[in-house]
>>> print(open('work.cif').read())   # mmCIF, N, CA and C atoms
data_target
loop_
_atom_site.label_atom_id
_atom_site.label_comp_id
_atom_site.auth_asym_id
_atom_site.auth_seq_id
_atom_site.Cartn_x
_atom_site.Cartn_y
_atom_site.Cartn_z
N MET A 733 -1.37 -34.63 -2.37
CA MET A 733 -0.03 -34.10 -2.48
C MET A 733 0.54 -33.93 -1.07
N SER A 734 1.68 -34.47 -0.82
CA SER A 734 2.29 -34.40 0.50
C SER A 734 3.00 -33.06 0.69
N PRO A 735 3.23 -32.65 1.93
CA PRO A 735 3.92 -31.37 2.18
C PRO A 735 5.31 -31.30 1.56
N GLU A 736 5.95 -32.45 1.40
CA GLU A 736 7.29 -32.43 0.81
C GLU A 736 7.25 -32.06 -0.68
N GLN A 737 6.12 -32.35 -1.34
CA GLN A 737 6.00 -32.07 -2.77
C GLN A 737 5.66 -30.62 -3.06
N VAL A 738 5.07 -29.92 -2.09
CA VAL A 738 4.71 -28.52 -2.27
C VAL A 738 5.95 -27.68 -2.00
N SER A 739 6.40 -26.96 -2.99
CA SER A 739 7.59 -26.13 -2.80
C SER A 739 7.24 -24.66 -3.02
N GLU A 740 7.90 -23.83 -2.27
CA GLU A 740 7.73 -22.39 -2.39
C GLU A 740 8.42 -21.92 -3.66
N PRO A 741 7.82 -20.94 -4.37
CA PRO A 741 8.52 -20.40 -5.53
C PRO A 741 9.78 -19.66 -5.09
N ALA A 742 10.78 -19.68 -5.95
CA ALA A 742 12.05 -19.02 -5.64
C ALA A 742 11.86 -17.51 -5.53
N VAL A 743 12.39 -16.95 -4.47
CA VAL A 743 12.28 -15.52 -4.23
C VAL A 743 13.27 -14.77 -5.11
N ILE A 744 12.76 -13.76 -5.80
CA ILE A 744 13.61 -12.93 -6.65
C ILE A 744 14.11 -11.71 -5.87
N PHE A 745 13.19 -11.06 -5.14
CA PHE A 745 13.55 -9.86 -4.38
C PHE A 745 12.51 -9.64 -3.29
N GLU A 746 12.97 -9.26 -2.09
CA GLU A 746 12.08 -8.96 -0.97
C GLU A 746 12.52 -7.66 -0.32
N TRP A 747 11.54 -6.90 0.17
CA TRP A 747 11.86 -5.70 0.92
C TRP A 747 10.70 -5.36 1.84
N THR A 748 11.00 -4.57 2.85
CA THR A 748 10.00 -4.16 3.84
C THR A 748 10.01 -2.64 3.94
N VAL A 749 8.81 -2.07 4.08
CA VAL A 749 8.65 -0.63 4.21
C VAL A 749 7.83 -0.36 5.47
N HIS A 750 8.32 0.55 6.30
CA HIS A 750 7.58 0.98 7.49
C HIS A 750 7.56 2.50 7.50
N PRO A 751 6.53 3.10 6.88
CA PRO A 751 6.49 4.56 6.73
C PRO A 751 6.59 5.32 8.05
N LEU A 752 5.99 4.78 9.11
CA LEU A 752 6.03 5.47 10.40
C LEU A 752 7.47 5.64 10.89
N ALA A 753 8.28 4.62 10.76
CA ALA A 753 9.67 4.68 11.22
C ALA A 753 10.57 5.44 10.24
N GLU A 754 10.23 5.40 8.95
CA GLU A 754 11.09 6.01 7.94
C GLU A 754 10.85 7.50 7.76
N SER A 755 9.72 8.00 8.23
CA SER A 755 9.41 9.41 8.03
C SER A 755 8.86 10.04 9.32
N PRO A 756 9.73 10.50 10.20
CA PRO A 756 9.28 11.06 11.48
C PRO A 756 8.39 12.31 11.33
N LYS A 757 8.67 13.14 10.32
CA LYS A 757 7.85 14.35 10.13
C LYS A 757 6.42 13.97 9.76
N ARG A 758 6.28 13.01 8.87
CA ARG A 758 4.94 12.55 8.49
C ARG A 758 4.26 11.84 9.65
N ALA A 759 5.04 11.19 10.50
CA ALA A 759 4.46 10.50 11.66
C ALA A 759 3.80 11.50 12.60
N VAL A 760 4.43 12.64 12.81
CA VAL A 760 3.85 13.68 13.67
C VAL A 760 2.53 14.16 13.07
N ILE A 761 2.51 14.38 11.76
CA ILE A 761 1.29 14.83 11.09
C ILE A 761 0.21 13.75 11.17
N ALA A 762 0.61 12.50 10.99
CA ALA A 762 -0.36 11.40 11.03
C ALA A 762 -1.00 11.24 12.41
N VAL A 763 -0.26 11.56 13.45
CA VAL A 763 -0.81 11.47 14.80
C VAL A 763 -1.64 12.71 15.14
N LEU A 764 -1.19 13.87 14.70
CA LEU A 764 -1.90 15.11 15.02
C LEU A 764 -3.17 15.32 14.19
N ALA A 765 -3.20 14.84 12.97
CA ALA A 765 -4.35 15.07 12.09
C ALA A 765 -5.68 14.60 12.69
N PRO A 766 -5.77 13.38 13.22
CA PRO A 766 -7.05 12.98 13.82
C PRO A 766 -7.44 13.82 15.03
N VAL A 767 -6.45 14.20 15.84
CA VAL A 767 -6.74 14.99 17.03
C VAL A 767 -7.28 16.36 16.65
N VAL A 768 -6.59 17.03 15.74
CA VAL A 768 -7.02 18.37 15.31
C VAL A 768 -8.38 18.30 14.62
N THR A 769 -8.57 17.31 13.77
CA THR A 769 -9.84 17.16 13.07
C THR A 769 -10.98 16.92 14.05
N CYS A 770 -10.74 16.08 15.03
CA CYS A 770 -11.78 15.79 16.02
C CYS A 770 -12.14 17.05 16.83
N LEU A 771 -11.14 17.86 17.17
CA LEU A 771 -11.43 19.11 17.86
C LEU A 771 -12.26 20.05 16.99
N LEU A 772 -11.89 20.17 15.72
CA LEU A 772 -12.66 21.02 14.80
C LEU A 772 -14.10 20.52 14.65
N VAL A 773 -14.27 19.24 14.52
CA VAL A 773 -15.61 18.67 14.38
C VAL A 773 -16.42 18.90 15.65
N TYR A 774 -15.79 18.75 16.79
CA TYR A 774 -16.48 18.96 18.06
C TYR A 774 -17.04 20.38 18.15
N PHE A 775 -16.22 21.38 17.83
CA PHE A 775 -16.68 22.76 17.92
C PHE A 775 -17.66 23.12 16.81
N TRP A 776 -17.50 22.54 15.67
CA TRP A 776 -18.38 22.82 14.53
C TRP A 776 -19.76 22.21 14.73
N MET A 777 -19.83 21.03 15.33
CA MET A 777 -21.09 20.32 15.52
C MET A 777 -21.67 20.50 16.92
N GLN A 778 -21.33 21.57 17.60
CA GLN A 778 -21.72 21.79 18.98
C GLN A 778 -23.23 21.61 19.23
N PRO A 779 -24.10 22.15 18.41
CA PRO A 779 -25.53 21.98 18.75
C PRO A 779 -26.08 20.56 18.51
N TRP A 780 -25.41 19.74 17.68
CA TRP A 780 -25.97 18.45 17.29
C TRP A 780 -25.13 17.27 17.76
N GLN A 781 -25.24 16.86 18.95
CA GLN A 781 -24.54 15.70 19.49
C GLN A 781 -23.11 15.59 18.97
N PRO A 782 -22.22 16.44 19.41
CA PRO A 782 -20.87 16.47 18.85
C PRO A 782 -20.09 15.18 19.02
N TRP A 783 -20.31 14.41 20.09
CA TRP A 783 -19.51 13.21 20.32
C TRP A 783 -19.76 12.14 19.28
N LEU A 784 -20.97 12.08 18.76
CA LEU A 784 -21.27 11.14 17.68
C LEU A 784 -20.45 11.48 16.44
N TRP A 785 -20.42 12.76 16.10
CA TRP A 785 -19.68 13.21 14.91
C TRP A 785 -18.17 13.13 15.12
N VAL A 786 -17.72 13.39 16.33
CA VAL A 786 -16.29 13.28 16.64
C VAL A 786 -15.85 11.83 16.49
N GLY A 787 -16.64 10.90 17.00
CA GLY A 787 -16.32 9.48 16.87
C GLY A 787 -16.27 9.04 15.42
N LEU A 788 -17.23 9.50 14.63
CA LEU A 788 -17.26 9.16 13.20
C LEU A 788 -16.05 9.75 12.48
N ALA A 789 -15.72 11.00 12.77
CA ALA A 789 -14.55 11.65 12.15
C ALA A 789 -13.27 10.91 12.53
N PHE A 790 -13.15 10.53 13.79
CA PHE A 790 -11.95 9.81 14.24
C PHE A 790 -11.82 8.46 13.52
N LEU A 791 -12.90 7.71 13.43
CA LEU A 791 -12.87 6.42 12.74
C LEU A 791 -12.48 6.56 11.27
N LEU A 792 -13.05 7.54 10.59
CA LEU A 792 -12.75 7.74 9.17
C LEU A 792 -11.29 8.12 8.94
N ILE A 793 -10.78 9.02 9.75
CA ILE A 793 -9.40 9.48 9.55
C ILE A 793 -8.40 8.39 9.92
N VAL A 794 -8.60 7.75 11.05
CA VAL A 794 -7.65 6.72 11.48
C VAL A 794 -7.68 5.54 10.51
N SER A 795 -8.85 5.16 10.03
CA SER A 795 -8.90 4.03 9.08
C SER A 795 -8.22 4.37 7.76
N SER A 796 -8.26 5.62 7.36
CA SER A 796 -7.57 5.98 6.12
C SER A 796 -6.05 6.06 6.31
N GLU A 797 -5.59 6.25 7.55
CA GLU A 797 -4.16 6.35 7.83
C GLU A 797 -3.53 5.01 8.23
N LEU A 798 -4.29 3.97 8.44
CA LEU A 798 -3.76 2.71 8.94
C LEU A 798 -2.57 2.15 8.15
N PRO A 799 -2.58 2.18 6.81
CA PRO A 799 -1.40 1.66 6.09
C PRO A 799 -0.10 2.36 6.47
N PHE A 800 -0.18 3.60 6.90
CA PHE A 800 1.01 4.34 7.31
C PHE A 800 1.62 3.76 8.58
N PHE A 801 0.80 3.22 9.46
CA PHE A 801 1.28 2.72 10.75
C PHE A 801 1.75 1.28 10.71
N PHE A 802 1.34 0.52 9.71
CA PHE A 802 1.72 -0.88 9.62
C PHE A 802 2.97 -1.08 8.77
N LYS A 803 3.78 -2.05 9.17
CA LYS A 803 4.92 -2.46 8.37
C LYS A 803 4.39 -3.28 7.20
N THR A 804 4.89 -3.05 6.01
CA THR A 804 4.45 -3.77 4.82
C THR A 804 5.63 -4.49 4.20
N SER A 805 5.44 -5.77 3.92
CA SER A 805 6.48 -6.58 3.28
C SER A 805 6.06 -6.90 1.86
N TYR A 806 7.01 -6.77 0.96
CA TYR A 806 6.76 -7.07 -0.46
C TYR A 806 7.69 -8.19 -0.89
N ARG A 807 7.22 -8.94 -1.88
CA ARG A 807 8.04 -10.06 -2.36
C ARG A 807 7.77 -10.29 -3.84
N PHE A 808 8.85 -10.33 -4.60
CA PHE A 808 8.80 -10.76 -5.99
C PHE A 808 9.31 -12.20 -6.01
N ASP A 809 8.55 -13.12 -6.58
CA ASP A 809 9.04 -14.48 -6.74
C ASP A 809 8.74 -14.94 -8.16
N GLU A 810 8.98 -16.19 -8.45
CA GLU A 810 8.78 -16.71 -9.80
C GLU A 810 7.33 -16.63 -10.24
N LYS A 811 6.39 -16.70 -9.30
CA LYS A 811 4.96 -16.68 -9.64
C LYS A 811 4.42 -15.26 -9.82
N GLY A 812 4.90 -14.32 -9.01
CA GLY A 812 4.37 -12.97 -9.10
C GLY A 812 4.80 -12.09 -7.94
N ILE A 813 3.90 -11.18 -7.57
CA ILE A 813 4.15 -10.18 -6.54
C ILE A 813 3.20 -10.43 -5.39
N SER A 814 3.70 -10.29 -4.15
CA SER A 814 2.81 -10.37 -3.00
C SER A 814 3.14 -9.23 -2.04
N GLN A 815 2.08 -8.78 -1.37
CA GLN A 815 2.18 -7.69 -0.40
C GLN A 815 1.54 -8.19 0.89
N LYS A 816 2.25 -8.06 2.01
CA LYS A 816 1.72 -8.48 3.30
C LYS A 816 1.73 -7.30 4.25
N ARG A 817 0.52 -6.93 4.73
CA ARG A 817 0.39 -5.80 5.65
C ARG A 817 -0.65 -6.18 6.70
N GLY A 818 -0.23 -6.16 7.95
CA GLY A 818 -1.15 -6.43 9.04
C GLY A 818 -1.80 -7.81 8.96
N GLY A 819 -1.08 -8.80 8.49
CA GLY A 819 -1.61 -10.15 8.40
C GLY A 819 -2.41 -10.43 7.14
N VAL A 820 -2.64 -9.42 6.32
CA VAL A 820 -3.41 -9.59 5.09
C VAL A 820 -2.43 -9.66 3.91
N VAL A 821 -2.58 -10.68 3.08
CA VAL A 821 -1.69 -10.86 1.93
C VAL A 821 -2.49 -10.62 0.65
N GLN A 822 -1.96 -9.76 -0.19
CA GLN A 822 -2.51 -9.54 -1.53
C GLN A 822 -1.44 -9.96 -2.52
N SER A 823 -1.86 -10.63 -3.58
CA SER A 823 -0.85 -11.05 -4.55
C SER A 823 -1.41 -10.98 -5.97
N ARG A 824 -0.50 -10.86 -6.91
CA ARG A 824 -0.82 -10.86 -8.33
C ARG A 824 0.22 -11.73 -9.02
N THR A 825 -0.20 -12.51 -10.00
CA THR A 825 0.76 -13.28 -10.78
C THR A 825 1.34 -12.37 -11.84
N TRP A 826 2.49 -12.76 -12.38
CA TRP A 826 3.12 -11.96 -13.43
C TRP A 826 2.21 -11.85 -14.64
N GLU A 827 1.43 -12.88 -14.92
CA GLU A 827 0.53 -12.86 -16.08
C GLU A 827 -0.60 -11.85 -15.89
N GLN A 828 -0.97 -11.57 -14.65
CA GLN A 828 -2.04 -10.61 -14.37
C GLN A 828 -1.58 -9.16 -14.52
N ILE A 829 -0.29 -8.92 -14.46
CA ILE A 829 0.21 -7.55 -14.49
C ILE A 829 0.58 -7.17 -15.92
N LYS A 830 -0.09 -6.14 -16.43
CA LYS A 830 0.12 -5.71 -17.82
C LYS A 830 0.90 -4.41 -17.93
N SER A 831 0.85 -3.58 -16.88
CA SER A 831 1.56 -2.30 -16.93
C SER A 831 1.88 -1.85 -15.51
N TYR A 832 2.73 -0.85 -15.41
CA TYR A 832 3.06 -0.28 -14.10
C TYR A 832 3.35 1.20 -14.25
N TYR A 833 3.07 1.96 -13.19
CA TYR A 833 3.20 3.40 -13.22
C TYR A 833 3.92 3.88 -11.96
N PRO A 834 5.21 4.18 -12.06
CA PRO A 834 5.94 4.66 -10.88
C PRO A 834 5.61 6.11 -10.58
N ASP A 835 5.69 6.46 -9.30
CA ASP A 835 5.61 7.85 -8.88
C ASP A 835 6.73 8.09 -7.87
N ARG A 836 6.61 9.11 -7.07
CA ARG A 836 7.69 9.49 -6.16
C ARG A 836 7.92 8.47 -5.05
N THR A 837 6.84 7.86 -4.52
CA THR A 837 6.99 6.99 -3.35
C THR A 837 6.76 5.51 -3.64
N GLY A 838 6.27 5.18 -4.82
CA GLY A 838 5.98 3.78 -5.11
C GLY A 838 5.60 3.56 -6.56
N VAL A 839 5.03 2.40 -6.81
CA VAL A 839 4.65 2.05 -8.17
C VAL A 839 3.32 1.31 -8.14
N LEU A 840 2.43 1.66 -9.05
CA LEU A 840 1.16 0.97 -9.18
C LEU A 840 1.30 -0.08 -10.28
N VAL A 841 1.13 -1.35 -9.93
CA VAL A 841 1.13 -2.40 -10.94
C VAL A 841 -0.33 -2.66 -11.30
N SER A 842 -0.60 -2.71 -12.60
CA SER A 842 -1.96 -2.72 -13.09
C SER A 842 -2.25 -3.94 -13.96
N PRO A 843 -3.47 -4.46 -13.88
CA PRO A 843 -3.86 -5.56 -14.76
C PRO A 843 -4.33 -5.09 -16.14
N PHE A 844 -4.27 -3.79 -16.38
CA PHE A 844 -4.74 -3.22 -17.64
C PHE A 844 -3.56 -2.71 -18.47
N VAL A 845 -3.68 -2.83 -19.79
CA VAL A 845 -2.62 -2.34 -20.67
C VAL A 845 -2.66 -0.82 -20.73
N ASN A 846 -3.85 -0.24 -20.83
CA ASN A 846 -4.01 1.21 -20.91
C ASN A 846 -4.51 1.76 -19.58
N LYS A 847 -4.24 3.04 -19.33
CA LYS A 847 -4.70 3.68 -18.10
C LYS A 847 -6.23 3.69 -18.04
N THR A 848 -6.75 3.36 -16.86
CA THR A 848 -8.19 3.39 -16.64
C THR A 848 -8.45 3.69 -15.17
N TRP A 849 -9.63 4.17 -14.85
CA TRP A 849 -9.97 4.50 -13.47
C TRP A 849 -10.06 3.25 -12.59
N LEU A 850 -10.19 2.08 -13.19
CA LEU A 850 -10.28 0.85 -12.42
C LEU A 850 -8.94 0.41 -11.82
N GLU A 851 -7.84 0.98 -12.29
CA GLU A 851 -6.52 0.58 -11.81
C GLU A 851 -6.37 0.73 -10.30
N ASN A 852 -6.95 1.78 -9.75
CA ASN A 852 -6.83 2.00 -8.32
C ASN A 852 -7.55 0.93 -7.50
N PHE A 853 -8.48 0.23 -8.12
CA PHE A 853 -9.23 -0.81 -7.42
C PHE A 853 -8.72 -2.21 -7.74
N ARG A 854 -8.20 -2.41 -8.91
CA ARG A 854 -7.73 -3.73 -9.32
C ARG A 854 -6.21 -3.88 -9.26
N GLY A 855 -5.51 -2.76 -9.25
CA GLY A 855 -4.05 -2.81 -9.22
C GLY A 855 -3.53 -3.00 -7.80
N LEU A 856 -2.23 -2.99 -7.69
CA LEU A 856 -1.57 -3.16 -6.40
C LEU A 856 -0.48 -2.08 -6.31
N TYR A 857 -0.52 -1.29 -5.24
CA TYR A 857 0.46 -0.23 -5.07
C TYR A 857 1.60 -0.72 -4.19
N LEU A 858 2.82 -0.66 -4.72
CA LEU A 858 4.01 -1.10 -4.01
C LEU A 858 4.82 0.12 -3.60
N GLN A 859 5.06 0.29 -2.31
CA GLN A 859 5.89 1.39 -1.84
C GLN A 859 7.36 1.03 -2.03
N PHE A 860 8.15 2.01 -2.45
CA PHE A 860 9.56 1.76 -2.68
C PHE A 860 10.36 1.63 -1.39
N GLY A 861 10.09 2.48 -0.43
CA GLY A 861 10.98 2.56 0.73
C GLY A 861 12.32 3.05 0.25
N LYS A 862 13.38 2.30 0.53
CA LYS A 862 14.73 2.67 0.09
C LYS A 862 15.19 1.82 -1.08
N HIS A 863 14.25 1.23 -1.81
CA HIS A 863 14.60 0.27 -2.86
C HIS A 863 14.01 0.63 -4.22
N ARG A 864 13.92 1.89 -4.52
CA ARG A 864 13.30 2.34 -5.76
C ARG A 864 13.93 1.69 -7.00
N GLU A 865 15.23 1.80 -7.13
CA GLU A 865 15.91 1.30 -8.33
C GLU A 865 15.76 -0.21 -8.50
N GLU A 866 15.90 -0.94 -7.40
CA GLU A 866 15.79 -2.41 -7.48
C GLU A 866 14.39 -2.84 -7.89
N VAL A 867 13.37 -2.20 -7.31
CA VAL A 867 11.98 -2.55 -7.62
C VAL A 867 11.70 -2.29 -9.10
N LEU A 868 12.08 -1.11 -9.58
CA LEU A 868 11.83 -0.78 -10.99
C LEU A 868 12.61 -1.69 -11.93
N LEU A 869 13.82 -2.05 -11.55
CA LEU A 869 14.62 -2.95 -12.37
C LEU A 869 13.94 -4.32 -12.51
N HIS A 870 13.46 -4.88 -11.42
CA HIS A 870 12.80 -6.18 -11.47
C HIS A 870 11.47 -6.12 -12.23
N LEU A 871 10.75 -5.02 -12.08
CA LEU A 871 9.50 -4.87 -12.84
C LEU A 871 9.78 -4.78 -14.33
N LYS A 872 10.82 -4.04 -14.68
CA LYS A 872 11.18 -3.86 -16.08
C LYS A 872 11.55 -5.21 -16.72
N LYS A 873 12.23 -6.06 -15.97
CA LYS A 873 12.61 -7.37 -16.46
C LYS A 873 11.41 -8.26 -16.74
N ARG A 874 10.39 -8.16 -15.88
CA ARG A 874 9.24 -9.06 -15.94
C ARG A 874 8.08 -8.55 -16.80
N ILE A 875 7.91 -7.25 -16.85
CA ILE A 875 6.74 -6.69 -17.53
C ILE A 875 7.21 -5.90 -18.73
N SER A 876 6.84 -6.37 -19.89
CA SER A 876 7.22 -5.66 -21.12
C SER A 876 6.11 -4.69 -21.47
N TYR A 877 6.34 -3.44 -21.11
CA TYR A 877 5.34 -2.40 -21.34
C TYR A 877 6.04 -1.16 -21.81
N ASP A 878 5.61 -0.61 -22.93
CA ASP A 878 6.18 0.62 -23.46
C ASP A 878 5.28 1.78 -23.11
N TYR A 879 5.86 2.83 -22.53
CA TYR A 879 5.06 3.99 -22.15
C TYR A 879 4.78 4.84 -23.36
#
>>> encode(input="work.cif", output="structure tokens")
Amino acid sequence: MSPEQVSEPAVIFEWTVHPLAESPKRAVIAVLAPVVTCLLVYFWMQPWQPWLWVGLAFLLIVSSELPFFFKTSYRFDEKGISQKRGGVVQSRTWEQIKSYYPDRTGVLVSPFVNKTWLENFRGLYLQFGKHREEVLLHLKKRISYDY
């Protein structure tokens, strides 16, 4: 198949979310949390090699906060949904998505019809940013799910 024959699916809706830039108050907390935690760990683990524990605490906290610092791009197209964050692309086809669950900041699209604990591992969480209504409208059009 030649490159001319391969065509991109038509884009239905695209948006980008950058939590660090959109929420300055949370940004301050996200930067201070590792520092404060590392100080607490240092004083708490004083008799037992505190720098080892401080390093471990710093790695755990910063790795859990990384999605907050990266810009994330979302795209709905004819094939499905894709999420790009930090060079990593995750995608789901429309056929794979059976239900969705909105909350205050985003929506979890799930491959399961009924709620299950596996959704957090198999689903895809889409942050709304400033596009809550548009995202929910497009999901409603594509996914027929009754709550």
>>> closest_residue(input="work.cif", among="A:Phe801, A:Trp785, A:Trp776, A:Phe860", to="Arg836 in chain A", atoms="all atoms listed in the file")
A:Phe860
>>> residues_around(input="work.cif", residues="range 864-867 of chain A", least_positions_apart="5", cutoff="9 Å", atoms="only C-alpha atoms", output="list of chain:residue names")
A:Phe745, A:Phe808, A:Thr837, A:Gly838, A:Val839, A:Leu858, A:Gln859, A:Lys872
>>> atom_distance(input="work.cif", atom1="CA of Ile829 in chain A", atom2="atom C of Ser842 in chain A")
4.4 Å
>>> atom_distance(input="work.cif", atom1="atom N of Leu850 in chain A", atom2="CA of Pro799 in chain A")
21.2 Å
>>> residues_around(input="work.cif", residues="range 766-770 of chain A", least_positions_apart="6", cutoff="6.5 Å", atoms="all atoms listed in the file", output="list in words")
Val786, Ala789, Phe790, Ile793 and Val794 of chain A
>>> resolve_selection(input="work.cif", expression="the PyMOL selection byres ((chain A and resi 751) around 8)", output="PyMOL selection string")
chain A and resi 748-750+752-756+758-759+799-804+861
>>> residues_around(input="work.cif", residues="Lys811 in chain A", least_positions_apart="3", cutoff="7 Å", atoms="only C-alpha atoms", output="PyMOL selection string")
chain A and resi 741+825-826
>>> write_last_selection(input="work.cif", atoms="N, CA and C atoms", output="PDB file, in the coordinates of the input")
ATOM      1  N   PRO A 741       7.820 -20.940  -4.370  1.00  0.00           N
ATOM      2  CA  PRO A 741       8.520 -20.400  -5.530  1.00  0.00           C
ATOM      3  C   PRO A 741       9.780 -19.660  -5.090  1.00  0.00           C
ATOM      4  N   THR A 825      -0.200 -12.510 -10.000  1.00  0.00           N
ATOM      5  CA  THR A 825       0.760 -13.280 -10.780  1.00  0.00           C
ATOM      6  C   THR A 825       1.340 -12.370 -11.840  1.00  0.00           C
ATOM      7  N   TRP A 826       2.490 -12.760 -12.380  1.00  0.00           N
ATOM      8  CA  TRP A 826       3.120 -11.960 -13.430  1.00  0.00           C
ATOM      9  C   TRP A 826       2.210 -11.850 -14.640  1.00  0.00           C
TER      10      TRP A 826
END
>>> residues_near_point(input="work.cif", point="(14.7, -22.2, -8.2)", cutoff="12 Å", atoms="only C-alpha atoms", output="number ranges by chain")
A: 739-744, 809-811
>>> select_by_dssp(input="work.cif", residues="range 782-835 of chain A", states="strand (DSSP E or B)", output="list in words")
Thr804, Ser805, Tyr806, Arg807, Phe808, Asp809, Gly812, Ile813, Ser814, Gln815, Lys816, Arg817, Val820, Val821, Gln822, Ser823, Arg824, Thr825, Ser831, Tyr832, Tyr833 and Pro834 of chain A
>>> write_last_selection(input="work.cif", atoms="N, CA and C atoms", output="mmCIF file, in the coordinates of the input")
data_model
loop_
_atom_site.group_PDB
_atom_site.id
_atom_site.type_symbol
_atom_site.label_atom_id
_atom_site.label_comp_id
_atom_site.auth_asym_id
_atom_site.auth_seq_id
_atom_site.Cartn_x
_atom_site.Cartn_y
_atom_site.Cartn_z
ATOM 1 N N THR A 804 4.890 -3.050 6.010
ATOM 2 C CA THR A 804 4.450 -3.770 4.820
ATOM 3 C C THR A 804 5.630 -4.490 4.200
ATOM 4 N N SER A 805 5.440 -5.770 3.920
ATOM 5 C CA SER A 805 6.480 -6.580 3.280
ATOM 6 C C SER A 805 6.060 -6.900 1.860
ATOM 7 N N TYR A 806 7.010 -6.770 0.960
ATOM 8 C CA TYR A 806 6.760 -7.070 -0.460
ATOM 9 C C TYR A 806 7.690 -8.190 -0.890
ATOM 10 N N ARG A 807 7.220 -8.940 -1.880
ATOM 11 C CA ARG A 807 8.040 -10.060 -2.360
ATOM 12 C C ARG A 807 7.770 -10.290 -3.840
ATOM 13 N N PHE A 808 8.850 -10.330 -4.600
ATOM 14 C CA PHE A 808 8.800 -10.760 -5.990
ATOM 15 C C PHE A 808 9.310 -12.200 -6.010
ATOM 16 N N ASP A 809 8.550 -13.120 -6.580
ATOM 17 C CA ASP A 809 9.040 -14.480 -6.740
ATOM 18 C C ASP A 809 8.740 -14.940 -8.160
ATOM 19 N N GLY A 812 4.900 -14.320 -9.010
ATOM 20 C CA GLY A 812 4.370 -12.970 -9.100
ATOM 21 C C GLY A 812 4.800 -12.090 -7.940
ATOM 22 N N ILE A 813 3.900 -11.180 -7.570
ATOM 23 C CA ILE A 813 4.150 -10.180 -6.540
ATOM 24 C C ILE A 813 3.200 -10.430 -5.390
ATOM 25 N N SER A 814 3.700 -10.290 -4.150
ATOM 26 C CA SER A 814 2.810 -10.370 -3.000
ATOM 27 C C SER A 814 3.140 -9.230 -2.040
ATOM 28 N N GLN A 815 2.080 -8.780 -1.370
ATOM 29 C CA GLN A 815 2.180 -7.690 -0.400
ATOM 30 C C GLN A 815 1.540 -8.190 0.890
ATOM 31 N N LYS A 816 2.250 -8.060 2.010
ATOM 32 C CA LYS A 816 1.720 -8.480 3.300
ATOM 33 C C LYS A 816 1.730 -7.300 4.250
ATOM 34 N N ARG A 817 0.520 -6.930 4.730
ATOM 35 C CA ARG A 817 0.390 -5.800 5.650
ATOM 36 C C ARG A 817 -0.650 -6.180 6.700
ATOM 37 N N VAL A 820 -2.640 -9.420 6.320
ATOM 38 C CA VAL A 820 -3.410 -9.590 5.090
ATOM 39 C C VAL A 820 -2.430 -9.660 3.910
ATOM 40 N N VAL A 821 -2.580 -10.680 3.080
ATOM 41 C CA VAL A 821 -1.690 -10.860 1.930
ATOM 42 C C VAL A 821 -2.490 -10.620 0.650
ATOM 43 N N GLN A 822 -1.960 -9.760 -0.190
ATOM 44 C CA GLN A 822 -2.510 -9.540 -1.530
ATOM 45 C C GLN A 822 -1.440 -9.960 -2.520
ATOM 46 N N SER A 823 -1.860 -10.630 -3.580
ATOM 47 C CA SER A 823 -0.850 -11.050 -4.550
ATOM 48 C C SER A 823 -1.410 -10.980 -5.970
ATOM 49 N N ARG A 824 -0.500 -10.860 -6.910
ATOM 50 C CA ARG A 824 -0.820 -10.860 -8.330
ATOM 51 C C ARG A 824 0.220 -11.730 -9.020
ATOM 52 N N THR A 825 -0.200 -12.510 -10.000
ATOM 53 C CA THR A 825 0.760 -13.280 -10.780
ATOM 54 C C THR A 825 1.340 -12.370 -11.840
ATOM 55 N N SER A 831 0.850 -3.580 -16.880
ATOM 56 C CA SER A 831 1.560 -2.300 -16.930
ATOM 57 C C SER A 831 1.880 -1.850 -15.510
ATOM 58 N N TYR A 832 2.730 -0.850 -15.410
ATOM 59 C CA TYR A 832 3.060 -0.280 -14.100
ATOM 60 C C TYR A 832 3.350 1.200 -14.250
ATOM 61 N N TYR A 833 3.070 1.960 -13.190
ATOM 62 C CA TYR A 833 3.200 3.400 -13.220
ATOM 63 C C TYR A 833 3.920 3.880 -11.960
ATOM 64 N N PRO A 834 5.210 4.180 -12.060
ATOM 65 C CA PRO A 834 5.940 4.660 -10.880
ATOM 66 C C PRO A 834 5.610 6.110 -10.580
#
>>> atom_distance(input="work.cif", atom1="atom C of Trp849 in chain A", atom2="CA of Ile761 in chain A")
28.7 Å
>>> select_by_dssp(input="work.cif", residues="range 734-804 of chain A", states="helix (DSSP H, G or I)", output="VMD selection string")
chain A and resid 751 to 754 756 to 776 782 to 801
>>> resolve_selection(input="work.cif", expression="the PyMOL selection byres (((chain A and resi 824 and name CA) around 9) and name CA)", output="list in words")
Lys811, Gly812, Ile813, Ser814, Gln822, Ser823, Thr825, Trp826, Glu827, Gln828, Ile829, Pro843, Gly855 and Leu856 of chain A
